[in-house]
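Taking it in order: structure first as structure tokens, then the write-up.
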Amino acid sequence: MFSKFRAKVIKIAPISQEECDRYFLEKKIPTVLAAKYYFLKEGEINSKMAFVQKGVLRMFYIAEDGKEINVQFFFEDDFVASYQSFITQTPSKYYIQALEDCELITISYDSLQNAYSNSLPWQQFGRIIAEKVYTLSEQRNESLLFMNAQERYLDLAKKRPIVFEKVPLYHIASFLGIERESLSRIRKKIVKNGL
């Protein structure tokens, strides 16, 4: 059950199986989350990080006009959290919802902090995850600031093609910061121009 988790951890940082099990053998909790159910809701403190064994989740917030704005998608082998809430243990501004049935392995904030405090390899793991989250966040911000809608679409298709395989188009439109109709026009234009 936990072999994929161990493989992902070892891929990120040089952590032995013994070191992995020392802190998390009894602390990893398998969780099944049905489609449309929430891993986290706005206002809750994100007290657990999850590793996606199977499934797809989205992170979103609700704008003043009531629209749901997607900010991230999580797939198999990703770690899932509202990281600001998780790191600071403060209420989240985001929801995290399963788009399909998911199998997760959850790790508590306290367990992870214990590993960071007592293990240099786990500290390295935490730093690498933090750098990845920061980089993805900055790339998203830059795409919204410096790219037009078509460029954002093509960039997403190039960097994360799995989004188009697993996520409904109306969620992708929200993530790109456009309306569904605009996304349809962009897709038609791209097909017509052979891009």
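If you're wondering about the labels, chains in the structure tokens are A, B, ... by order shown, residues count from 1 in each chain, ligands from 1 in order shown.
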Selection near stretch 185-192 of chain A, 10 Å with only C-alpha atoms, sequence-local residues under 6 positions removed, as a count of residues only: 5
Find the residues of stretch 60-104 of chain A that sit at most 12 Å from stretch 156-160 of chain A; for each, write down the nearest two atoms and how far apart they are in Å, to one decimal. Count only C-alpha atoms. Sort by chain, then by number going up, and give it as JSON lines.
{"residue": "A:Gln72", "atom": "CA", "partner": "A:Arg160", "partner_atom": "CA", "distance": 11.3}
{"residue": "A:Phe73", "atom": "CA", "partner": "A:Arg160", "partner_atom": "CA", "distance": 9.9}
{"residue": "A:Phe74", "atom": "CA", "partner": "A:Arg160", "partner_atom": "CA", "distance": 10.8}
{"residue": "A:Phe75", "atom": "CA", "partner": "A:Arg160", "partner_atom": "CA", "distance": 10.5}
Would you save the residues from that selection as a CSV table (one decimal), in the first residue's frame, using all heavy atoms?
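File again_36.csv, as written:
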chain,number,residue,atom,x,y,z
A,72,GLN,N,-5.2,25.0,-8.6
A,72,GLN,CA,-4.2,23.9,-8.8
A,72,GLN,C,-5.0,22.6,-8.9
A,72,GLN,O,-6.1,22.5,-8.5
A,72,GLN,CB,-3.3,23.8,-7.6
A,72,GLN,CG,-2.1,22.9,-7.7
A,72,GLN,CD,-1.3,23.3,-8.9
A,72,GLN,OE1,-1.5,22.7,-10.0
A,72,GLN,NE2,-0.3,24.1,-8.8
A,73,PHE,N,-4.4,21.7,-9.6
A,73,PHE,CA,-4.9,20.3,-9.7
A,73,PHE,C,-3.8,19.4,-9.2
A,73,PHE,O,-2.6,19.6,-9.4
A,73,PHE,CB,-5.2,20.0,-11.2
A,73,PHE,CG,-6.2,20.9,-11.8
A,73,PHE,CD1,-5.9,21.8,-12.8
A,73,PHE,CD2,-7.6,20.8,-11.4
A,73,PHE,CE1,-6.8,22.7,-13.3
A,73,PHE,CE2,-8.5,21.7,-12.0
A,73,PHE,CZ,-8.2,22.6,-12.9
A,74,PHE,N,-4.3,18.3,-8.6
A,74,PHE,CA,-3.3,17.3,-8.1
A,74,PHE,C,-3.7,15.9,-8.6
A,74,PHE,O,-4.9,15.6,-8.7
A,74,PHE,CB,-3.5,17.2,-6.5
A,74,PHE,CG,-3.2,18.6,-5.9
A,74,PHE,CD1,-4.3,19.4,-5.5
A,74,PHE,CD2,-2.0,19.0,-5.6
A,74,PHE,CE1,-4.1,20.6,-4.9
A,74,PHE,CE2,-1.8,20.2,-4.9
A,74,PHE,CZ,-2.8,21.0,-4.6
A,75,PHE,N,-2.7,15.2,-9.0
A,75,PHE,CA,-2.8,13.9,-9.7
A,75,PHE,C,-2.1,12.8,-8.9
A,75,PHE,O,-1.4,13.1,-7.9
A,75,PHE,CB,-2.4,14.0,-11.1
A,75,PHE,CG,-3.1,15.0,-11.9
A,75,PHE,CD1,-2.5,16.3,-12.1
A,75,PHE,CD2,-4.3,14.8,-12.5
A,75,PHE,CE1,-3.1,17.3,-12.8
A,75,PHE,CE2,-5.0,15.8,-13.2
A,75,PHE,CZ,-4.4,17.0,-13.4
Calculate how many Å separate atom CA of A:Lys4 from atom CA of A:Leu57, rounding to one decimal. 17.9 Å
Interatomic distance (Å, one decimal) between atom CA of A:Leu176 and atom CA of A:Phe79: 21.7 Å
Which residue gives the smallest distance to A:His171 among A:Phe125, A:Phe146, A:Tyr38, A:Phe60, with only C-alpha atoms counted?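 Nearest to A:His171: A:Phe60.
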As a ChimeraX atom specification, list the residues of stretch 27-113 of chain A assigned to strand (DSSP E or B) by DSSP on the backbone atoms of this structure. /A:29-33,38-40,45,48-54,57-62,68-74,79-80,91,95-98,102-108
Check which residues of stretch 36-60 of chain A sit at most 10 Å from stretch 109-115 of chain A using only C-alpha atoms, and return one row each with the closest pair of atoms and their distance in Å to one decimal, ordered by chain and rising number, as JSON lines.
{"residue": "A:Asn46", "atom": "CA", "partner": "A:Tyr109", "partner_atom": "CA", "distance": 8.4}
{"residue": "A:Ser47", "atom": "CA", "partner": "A:Tyr109", "partner_atom": "CA", "distance": 5.4}
{"residue": "A:Lys48", "atom": "CA", "partner": "A:Tyr109", "partner_atom": "CA", "distance": 5.5}
{"residue": "A:Met49", "atom": "CA", "partner": "A:Tyr109", "partner_atom": "CA", "distance": 7.1}
From the DSSP assignment of the backbone, select every residue of stretch 16-49 of chain A that is alpha helix (DSSP H), and format the answer as a VMD selection string. chain A and resid 17 to 24
Might you pull out every residue within 12 Å of A:Ser137, with only C-alpha atoms counted and same-chain residues fewer than 2 positions away left off, and present them as number ranges by chain? A: 71-73, 82-84, 130-135, 139-144
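Atom CA of A:Val56 is found 23.6 Å from atom CA of A:Phe24.
Between A:Glu44 and the residues A:Tyr170, A:Phe5, A:Phe175, A:Phe86, the shortest atom-to-atom distance, using only C-alpha atoms, involves A:Phe86.
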Which neighbours of A:Thr31 fall inside 10 Å, counting only C-alpha atoms, when residues of the same chain fewer than 6 positions from it are skipped, and could you give them as a PyMOL selection string? chain A and resi 39+50-53+102-106
Keeping N, CA, C and O atoms, export the residues of the selection given above as a tab-separated table (two decimals), in the first residue's frame.
chain	number	residue	atom	x	y	z
A	39	PHE	N	-11.31	17.26	0.82
A	39	PHE	CA	-10.16	16.99	1.69
A	39	PHE	C	-9.98	18.15	2.66
A	39	PHE	O	-9.55	17.98	3.80
A	50	ALA	N	-1.39	15.19	2.13
A	50	ALA	CA	-1.77	13.89	1.56
A	50	ALA	C	-0.91	13.58	0.34
A	50	ALA	O	-0.52	14.47	-0.41
A	51	PHE	N	-0.65	12.31	0.16
A	51	PHE	CA	-0.01	11.79	-1.04
A	51	PHE	C	-1.11	11.09	-1.85
A	51	PHE	O	-1.87	10.28	-1.30
A	52	VAL	N	-1.21	11.41	-3.12
A	52	VAL	CA	-2.27	10.85	-3.96
A	52	VAL	C	-1.81	9.51	-4.53
A	52	VAL	O	-0.96	9.46	-5.41
A	53	GLN	N	-2.39	8.43	-4.01
A	53	GLN	CA	-2.13	7.10	-4.55
A	53	GLN	C	-2.89	6.92	-5.87
A	53	GLN	O	-2.41	6.32	-6.80
A	102	CYS	N	-10.74	9.02	-4.86
A	102	CYS	CA	-9.31	9.14	-4.58
A	102	CYS	C	-8.88	8.20	-3.46
A	102	CYS	O	-9.64	7.95	-2.53
A	103	GLU	N	-7.66	7.71	-3.58
A	103	GLU	CA	-7.00	6.99	-2.49
A	103	GLU	C	-5.80	7.84	-2.08
A	103	GLU	O	-4.92	8.13	-2.90
A	104	LEU	N	-5.79	8.24	-0.82
A	104	LEU	CA	-4.77	9.13	-0.30
A	104	LEU	C	-4.04	8.49	0.87
A	104	LEU	O	-4.60	7.64	1.57
A	105	ILE	N	-2.81	8.92	1.09
A	105	ILE	CA	-2.09	8.61	2.32
A	105	ILE	C	-1.85	9.95	3.00
A	105	ILE	O	-1.22	10.84	2.42
A	106	THR	N	-2.36	10.10	4.21
A	106	THR	CA	-2.23	11.38	4.90
A	106	THR	C	-1.15	11.30	5.97
A	106	THR	O	-0.92	10.26	6.59
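Proximity ranking of A:Thr88, A:Ile62, A:Glu100, A:Tyr116 relative to A:Pro168 places A:Glu100 first, based on only C-alpha atoms.
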Need to verify the contact set: A:Pro121, 8 Å, only C-alpha atoms, exclusion of same-chain residues closer than 5 positions in sequence. Can you return it as a PyMOL selection string? chain A and resi 13-15
